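This is run19.pdb. It holds PDB, C-alpha atoms, pLDDT in the B column.
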```pdb
MODEL        1
ATOM      1  CA  MET A1265      61.038 -10.858   2.617  1.00 70.00           C
ATOM      2  CA  THR A1266      58.236 -11.895   0.276  1.00 80.00           C
ATOM      3  CA  LYS A1267      59.202 -14.280  -2.481  1.00 93.00           C
ATOM      4  CA  ASN A1268      57.545 -14.215  -5.883  1.00 97.00           C
ATOM      5  CA  LEU A1269      57.382 -16.837  -8.622  1.00 98.00           C
ATOM      6  CA  ASN A1270      56.134 -16.631 -12.195  1.00 98.00           C
ATOM      7  CA  ILE A1271      54.786 -19.927 -13.513  1.00 98.00           C
ATOM      8  CA  TYR A1272      54.698 -20.033 -17.309  1.00 98.00           C
ATOM      9  CA  VAL A1273      52.547 -22.845 -18.670  1.00 98.00           C
ATOM     10  CA  ALA A1274      52.580 -24.537 -22.083  1.00 98.00           C
ATOM     11  CA  THR A1275      49.709 -27.013 -22.269  1.00 97.00           C
ATOM     12  CA  MET A1276      47.444 -28.784 -24.747  1.00 94.00           C
ATOM     13  CA  THR A1277      45.143 -30.856 -22.563  1.00 94.00           C
ATOM     14  CA  GLY A1278      45.410 -28.952 -19.281  1.00 96.00           C
ATOM     15  CA  THR A1279      47.765 -31.314 -17.436  1.00 96.00           C
ATOM     16  CA  ALA A1280      50.577 -28.741 -17.293  1.00 98.00           C
ATOM     17  CA  LEU A1281      48.113 -26.182 -15.939  1.00 98.00           C
ATOM     18  CA  MET A1282      46.999 -28.668 -13.265  1.00 98.00           C
ATOM     19  CA  VAL A1283      50.662 -29.130 -12.297  1.00 98.00           C
ATOM     20  CA  ALA A1284      51.088 -25.338 -12.089  1.00 98.00           C
ATOM     21  CA  ASP A1285      47.992 -25.054  -9.871  1.00 98.00           C
ATOM     22  CA  GLU A1286      49.346 -27.678  -7.452  1.00 98.00           C
ATOM     23  CA  ILE A1287      52.714 -25.909  -7.223  1.00 98.00           C
ATOM     24  CA  GLU A1288      50.861 -22.640  -6.641  1.00 98.00           C
ATOM     25  CA  ASP A1289      48.919 -24.262  -3.780  1.00 98.00           C
ATOM     26  CA  PHE A1290      52.197 -25.355  -2.171  1.00 98.00           C
ATOM     27  CA  CYS A1291      53.682 -21.885  -2.666  1.00 97.00           C
ATOM     28  CA  LYS A1292      50.710 -20.293  -0.901  1.00 97.00           C
ATOM     29  CA  THR A1293      51.410 -22.422   2.199  1.00 97.00           C
ATOM     30  CA  GLU A1294      54.994 -21.119   2.139  1.00 96.00           C
ATOM     31  CA  GLY A1295      54.070 -17.452   1.629  1.00 95.00           C
ATOM     32  CA  ILE A1296      55.294 -17.287  -1.962  1.00 96.00           C
ATOM     33  CA  ASN A1297      53.268 -15.083  -4.307  1.00 97.00           C
ATOM     34  CA  THR A1298      52.704 -16.804  -7.638  1.00 97.00           C
ATOM     35  CA  ASN A1299      51.572 -15.608 -11.013  1.00 97.00           C
ATOM     36  CA  ILE A1300      50.431 -18.349 -13.430  1.00 98.00           C
ATOM     37  CA  VAL A1301      50.489 -17.283 -17.085  1.00 97.00           C
ATOM     38  CA  GLU A1302      49.689 -19.477 -20.062  1.00 97.00           C
ATOM     39  CA  MET A1303      52.318 -18.901 -22.727  1.00 97.00           C
ATOM     40  CA  ASP A1304      49.609 -18.163 -25.309  1.00 95.00           C
ATOM     41  CA  ALA A1305      49.504 -14.670 -23.735  1.00 89.00           C
ATOM     42  CA  LEU A1306      53.266 -14.013 -23.734  1.00 96.00           C
ATOM     43  CA  GLU A1307      55.628 -12.109 -26.002  1.00 95.00           C
ATOM     44  CA  PRO A1308      59.422 -11.927 -25.568  1.00 96.00           C
ATOM     45  CA  LYS A1309      59.109  -8.313 -24.371  1.00 95.00           C
ATOM     46  CA  ASN A1310      57.199  -9.632 -21.312  1.00 95.00           C
ATOM     47  CA  LEU A1311      60.532 -11.040 -20.103  1.00 96.00           C
ATOM     48  CA  GLU A1312      62.420  -7.730 -20.205  1.00 93.00           C
ATOM     49  CA  ASN A1313      61.492  -6.483 -16.732  1.00 92.00           C
ATOM     50  CA  ILE A1314      60.954  -9.780 -14.927  1.00 93.00           C
ATOM     51  CA  ASN A1315      62.565  -9.754 -11.509  1.00 92.00           C
ATOM     52  CA  ALA A1316      61.052 -12.914 -10.028  1.00 96.00           C
ATOM     53  CA  PRO A1317      62.152 -16.449 -10.947  1.00 98.00           C
ATOM     54  CA  ILE A1318      60.228 -18.298 -13.656  1.00 98.00           C
ATOM     55  CA  LEU A1319      59.051 -21.890 -13.429  1.00 98.00           C
ATOM     56  CA  ILE A1320      58.328 -23.276 -16.886  1.00 98.00           C
ATOM     57  CA  VAL A1321      55.782 -26.105 -16.914  1.00 98.00           C
ATOM     58  CA  SER A1322      55.498 -27.560 -20.398  1.00 98.00           C
ATOM     59  CA  SER A1323      53.887 -30.601 -21.903  1.00 97.00           C
ATOM     60  CA  THR A1324      55.039 -32.100 -25.204  1.00 96.00           C
ATOM     61  CA  TYR A1325      52.835 -32.463 -28.238  1.00 94.00           C
ATOM     62  CA  GLY A1326      53.004 -34.227 -31.580  1.00 91.00           C
ATOM     63  CA  GLN A1327      56.519 -35.170 -32.653  1.00 92.00           C
ATOM     64  CA  GLY A1328      58.294 -33.532 -29.723  1.00 94.00           C
ATOM     65  CA  ASP A1329      56.831 -30.068 -30.210  1.00 96.00           C
ATOM     66  CA  VAL A1330      55.936 -27.405 -27.709  1.00 97.00           C
ATOM     67  CA  PRO A1331      52.137 -27.177 -27.319  1.00 97.00           C
ATOM     68  CA  ASP A1332      50.292 -25.218 -30.027  1.00 95.00           C
ATOM     69  CA  GLY A1333      49.399 -22.278 -27.795  1.00 95.00           C
ATOM     70  CA  SER A1334      53.016 -21.691 -26.827  1.00 97.00           C
ATOM     71  CA  LYS A1335      54.526 -21.985 -30.330  1.00 97.00           C
ATOM     72  CA  ASN A1336      54.306 -18.261 -31.103  1.00 97.00           C
ATOM     73  CA  PHE A1337      56.024 -17.336 -27.844  1.00 98.00           C
ATOM     74  CA  TYR A1338      58.696 -20.011 -28.351  1.00 98.00           C
ATOM     75  CA  ASN A1339      59.387 -19.064 -31.981  1.00 97.00           C
ATOM     76  CA  ASN A1340      59.341 -15.317 -31.303  1.00 97.00           C
ATOM     77  CA  LEU A1341      61.687 -15.758 -28.364  1.00 97.00           C
ATOM     78  CA  LYS A1342      63.990 -17.960 -30.439  1.00 96.00           C
ATOM     79  CA  SER A1343      64.254 -15.337 -33.176  1.00 97.00           C
ATOM     80  CA  SER A1344      64.514 -12.386 -30.785  1.00 95.00           C
ATOM     81  CA  ASN A1345      68.041 -12.998 -29.461  1.00 83.00           C
ATOM     82  CA  ILE A1346      67.228 -10.958 -26.347  1.00 94.00           C
ATOM     83  CA  SER A1347      69.379 -11.545 -23.302  1.00 96.00           C
ATOM     84  CA  LEU A1348      67.714 -13.263 -20.378  1.00 97.00           C
ATOM     85  CA  GLU A1349      70.755 -13.068 -18.097  1.00 97.00           C
ATOM     86  CA  HIS A1350      68.632 -11.282 -15.471  1.00 97.00           C
ATOM     87  CA  ILE A1351      66.252 -14.261 -15.207  1.00 97.00           C
ATOM     88  CA  LYS A1352      66.432 -17.294 -12.917  1.00 97.00           C
ATOM     89  CA  TYR A1353      64.326 -20.223 -14.112  1.00 98.00           C
ATOM     90  CA  ALA A1354      63.479 -23.881 -13.554  1.00 98.00           C
ATOM     91  CA  VAL A1355      61.739 -26.418 -15.802  1.00 98.00           C
ATOM     92  CA  PHE A1356      59.184 -29.135 -15.144  1.00 98.00           C
ATOM     93  CA  GLY A1357      58.494 -31.000 -18.378  1.00 98.00           C
ATOM     94  CA  LEU A1358      55.816 -33.547 -19.149  1.00 98.00           C
ATOM     95  CA  GLY A1359      56.402 -36.428 -21.507  1.00 97.00           C
ATOM     96  CA  ASP A1360      55.855 -40.118 -22.143  1.00 96.00           C
ATOM     97  CA  MET A1361      58.757 -42.556 -22.490  1.00 95.00           C
ATOM     98  CA  THR A1362      56.627 -44.552 -24.930  1.00 94.00           C
ATOM     99  CA  TYR A1363      57.923 -41.857 -27.312  1.00 94.00           C
ATOM    100  CA  LYS A1364      61.607 -42.234 -26.379  1.00 94.00           C
ATOM    101  CA  ASP A1365      62.990 -40.194 -29.269  1.00 96.00           C
ATOM    102  CA  THR A1366      61.039 -37.081 -28.335  1.00 96.00           C
ATOM    103  CA  PHE A1367      60.512 -37.634 -24.599  1.00 97.00           C
ATOM    104  CA  ALA A1368      59.603 -34.366 -22.828  1.00 97.00           C
ATOM    105  CA  TYR A1369      60.905 -32.281 -25.737  1.00 98.00           C
ATOM    106  CA  GLY A1370      58.451 -29.461 -24.966  1.00 98.00           C
ATOM    107  CA  GLY A1371      60.192 -28.787 -21.654  1.00 98.00           C
ATOM    108  CA  LYS A1372      63.633 -29.588 -23.050  1.00 98.00           C
ATOM    109  CA  LYS A1373      63.187 -27.075 -25.894  1.00 98.00           C
ATOM    110  CA  PHE A1374      62.288 -24.302 -23.440  1.00 98.00           C
ATOM    111  CA  ASP A1375      65.243 -25.246 -21.225  1.00 98.00           C
ATOM    112  CA  HIS A1376      67.699 -25.130 -24.131  1.00 98.00           C
ATOM    113  CA  LEU A1377      66.278 -21.861 -25.417  1.00 98.00           C
ATOM    114  CA  PHE A1378      66.474 -20.146 -22.022  1.00 98.00           C
ATOM    115  CA  LEU A1379      70.081 -21.377 -21.640  1.00 98.00           C
ATOM    116  CA  GLU A1380      70.937 -20.093 -25.131  1.00 97.00           C
ATOM    117  CA  LEU A1381      69.552 -16.690 -24.167  1.00 97.00           C
ATOM    118  CA  LYS A1382      71.780 -16.675 -21.061  1.00 98.00           C
ATOM    119  CA  ALA A1383      69.091 -17.223 -18.410  1.00 98.00           C
ATOM    120  CA  ASN A1384      70.262 -18.782 -15.146  1.00 98.00           C
ATOM    121  CA  ARG A1385      68.853 -22.245 -14.488  1.00 98.00           C
ATOM    122  CA  ILE A1386      68.126 -23.077 -10.869  1.00 97.00           C
ATOM    123  CA  GLY A1387      68.126 -26.767 -10.043  1.00 95.00           C
ATOM    124  CA  GLU A1388      68.007 -29.581 -12.528  1.00 97.00           C
ATOM    125  CA  PRO A1389      64.970 -29.856 -14.809  1.00 98.00           C
ATOM    126  CA  PHE A1390      62.519 -32.620 -14.002  1.00 98.00           C
ATOM    127  CA  TYR A1391      60.880 -34.552 -16.809  1.00 98.00           C
ATOM    128  CA  HIS A1392      57.816 -36.519 -15.768  1.00 98.00           C
ATOM    129  CA  ASP A1393      57.103 -39.794 -17.552  1.00 97.00           C
ATOM    130  CA  ALA A1394      53.364 -40.347 -18.032  1.00 96.00           C
ATOM    131  CA  SER A1395      53.957 -44.040 -18.727  1.00 96.00           C
ATOM    132  CA  ASP A1396      55.301 -44.764 -15.228  1.00 96.00           C
ATOM    133  CA  GLY A1397      51.914 -44.425 -13.542  1.00 94.00           C
ATOM    134  CA  SER A1398      52.866 -41.590 -11.182  1.00 96.00           C
ATOM    135  CA  LEU A1399      50.779 -38.429 -10.943  1.00 97.00           C
ATOM    136  CA  PRO A1400      52.552 -35.452 -12.529  1.00 97.00           C
ATOM    137  CA  GLU A1401      51.169 -32.944 -10.031  1.00 97.00           C
ATOM    138  CA  GLU A1402      52.465 -34.989  -7.071  1.00 97.00           C
ATOM    139  CA  GLU A1403      55.865 -35.493  -8.688  1.00 97.00           C
ATOM    140  CA  ALA A1404      56.028 -31.775  -9.494  1.00 98.00           C
ATOM    141  CA  VAL A1405      55.284 -30.623  -5.955  1.00 98.00           C
ATOM    142  CA  ASN A1406      57.796 -33.098  -4.473  1.00 97.00           C
ATOM    143  CA  TRP A1407      60.500 -32.005  -6.949  1.00 98.00           C
ATOM    144  CA  PHE A1408      59.723 -28.336  -6.331  1.00 98.00           C
ATOM    145  CA  LYS A1409      59.867 -28.777  -2.517  1.00 96.00           C
ATOM    146  CA  GLU A1410      63.093 -30.792  -2.581  1.00 96.00           C
ATOM    147  CA  LYS A1411      65.058 -29.223  -5.437  1.00 95.00           C
ATOM    148  CA  ILE A1412      63.792 -25.735  -6.288  1.00 95.00           C
ATOM    149  CA  PHE A1413      62.084 -24.120  -3.298  1.00 93.00           C
ATOM    150  CA  GLU A1414      65.284 -23.239  -1.405  1.00 91.00           C
ATOM    151  CA  LEU A1415      66.879 -21.800  -4.570  1.00 90.00           C
ATOM    152  CA  LEU A1416      64.182 -19.186  -5.204  1.00 90.00           C
TER
ENDMDL
END
```

Please lay out the structure from this file as structure tokens.
Amino acid sequence: MTKNLNIYVATMTGTALMVADEIEDFCKTEGINTNIVEMDALEPKNLENINAPILIVSSTYGQGDVPDGSKNFYNNLKSSNISLEHIKYAVFGLGDMTYKDTFAYGGKKFDHLFLELKANRIGEPFYHDASDGSLPEEEAVNWFKEKIFELL
């Protein structure tokens, strides 16, 4: 049976997109069809007929905000009150512990919103710390392999 995965990306500088590309490369080796979509292009109605799991890859910008391009989607989804109980999702967030008070809030905000809208989280979210010197794309692929892959 073919597995599918939607990867929704919220990025400012392209790091989250690079992470999504690396996860897509891993998925290809495992026969998983992926669809990477930047959140700039999404509306809440795009989630109505989703039948494949969603991996949210989000950076954090400013004072703990979601990236600019994903703000419309986030705000529209927040005010929509649609039910996402048919959706399975996972979150990989990017942050920097130098900003402890708002660490990885971009990813955390999407996680909380999807939970509020009754989506089903698979695995625990992973929040990468840019200040620890590790490469986010490597951390993401390792986390995905070990914690998410079998749950798809």

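Compared by their closest atoms to Pro1308 in chain A, and using all atoms listed in the file, the residues A:Lys1409, A:His1392, A:Lys1342, A:Arg1385 rank with A:Lys1342 nearest.
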
Which residue out of A:Glu1302, A:Leu1358, A:Ile1351, A:Ser1344 has the minimum interatomic distance to Pro1400 in chain A when all atoms listed in the file are used?
A:Leu1358

Selection result of the PyMOL selection byres ((chain A and resi 1323-1337) around 7) on this file, as number ranges by chain:
A: 1274-1276, 1280, 1303-1304, 1306-1308, 1321-1322, 1338-1341, 1357-1359, 1366-1371

Based on the selection just made, write C-alpha atoms of those residues as an mmCIF file, keeping the file's coordinate frame.
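again_24.cif, freshly written:
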```
data_model
loop_
_atom_site.group_PDB
_atom_site.id
_atom_site.type_symbol
_atom_site.label_atom_id
_atom_site.label_comp_id
_atom_site.auth_asym_id
_atom_site.auth_seq_id
_atom_site.Cartn_x
_atom_site.Cartn_y
_atom_site.Cartn_z
ATOM 1 C CA ALA A 1274 52.580 -24.537 -22.083
ATOM 2 C CA THR A 1275 49.709 -27.013 -22.269
ATOM 3 C CA MET A 1276 47.444 -28.784 -24.747
ATOM 4 C CA ALA A 1280 50.577 -28.741 -17.293
ATOM 5 C CA MET A 1303 52.318 -18.901 -22.727
ATOM 6 C CA ASP A 1304 49.609 -18.163 -25.309
ATOM 7 C CA LEU A 1306 53.266 -14.013 -23.734
ATOM 8 C CA GLU A 1307 55.628 -12.109 -26.002
ATOM 9 C CA PRO A 1308 59.422 -11.927 -25.568
ATOM 10 C CA VAL A 1321 55.782 -26.105 -16.914
ATOM 11 C CA SER A 1322 55.498 -27.560 -20.398
ATOM 12 C CA TYR A 1338 58.696 -20.011 -28.351
ATOM 13 C CA ASN A 1339 59.387 -19.064 -31.981
ATOM 14 C CA ASN A 1340 59.341 -15.317 -31.303
ATOM 15 C CA LEU A 1341 61.687 -15.758 -28.364
ATOM 16 C CA GLY A 1357 58.494 -31.000 -18.378
ATOM 17 C CA LEU A 1358 55.816 -33.547 -19.149
ATOM 18 C CA GLY A 1359 56.402 -36.428 -21.507
ATOM 19 C CA THR A 1366 61.039 -37.081 -28.335
ATOM 20 C CA PHE A 1367 60.512 -37.634 -24.599
ATOM 21 C CA ALA A 1368 59.603 -34.366 -22.828
ATOM 22 C CA TYR A 1369 60.905 -32.281 -25.737
ATOM 23 C CA GLY A 1370 58.451 -29.461 -24.966
ATOM 24 C CA GLY A 1371 60.192 -28.787 -21.654
#
```

Kindly give the distance, in Å, that separates CA of Phe1390 in chain A and CA of Ala1354 in chain A, rounded to a single decimal.
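So the answer is 8.8 Å.
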
Quick one: distance from CA of Asn1268 in chain A to CA of Ile1318 in chain A in Å, one decimal?
9.2 Å

In Å, with one decimal, what is the gap from CA of Asn1270 in chain A to CA of Thr1298 in chain A?
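That distance, rounded to one decimal, is 5.7 Å.
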
Got a sec to resolve the PyMOL selection byres ((chain A and resi 1287) around 8) on this structure and send the residues as number ranges by chain?
A: 1283-1286, 1288-1291, 1401, 1404-1405, 1408

For each of A:Ile1296, A:Leu1348, A:Ile1320, A:Ala1305, take the minimum atom-to-atom distance to Leu1281 in chain A, counting all atoms listed in the file, then give the residue where this is smallest.
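For Leu1281 in chain A, the nearest of the given residues is A:Ile1320.
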
Calculated over only C-alpha atoms, which of the candidates A:Phe1413, A:Tyr1272, A:Tyr1353, A:Tyr1363 has the smallest distance to Asp1393 in chain A?
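Closest to Asp1393 in chain A, using only C-alpha atoms: A:Tyr1363.
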
Which residue is closest to Ala1383 in chain A? Choose from A:Asp1360, A:Asp1396, A:Glu1312, A:Glu1294 and count all atoms listed in the file.
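Closest to Ala1383 in chain A of all the choices is A:Glu1312.
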
Rank nothing, just name the residue among A:Glu1380, A:Glu1349, A:Glu1388, A:Glu1402 nearest to Ile1314 in chain A, using all atoms listed in the file.
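Of A:Glu1380, A:Glu1349, A:Glu1388, A:Glu1402, the one nearest Ile1314 in chain A is A:Glu1349, counting all atoms listed in the file.
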
Would you mind listing what lies within 9 Å of Leu1415 in chain A as a count of residues only, with all atoms listed in the file counted and same-chain residues fewer than 2 positions away left out?
5

Can you report as AutoDock Vina command-line options the centre and edge lengths in Å, to one decimal, of an axis-aligned box around the listed atoms of range 1295-1310 of chain A padded with 5 Å on each side?
```
--center_x 54.5 --center_y -13.9 --center_z -12.2 --size_x 19.9 --size_y 21.2 --size_z 37.6
```
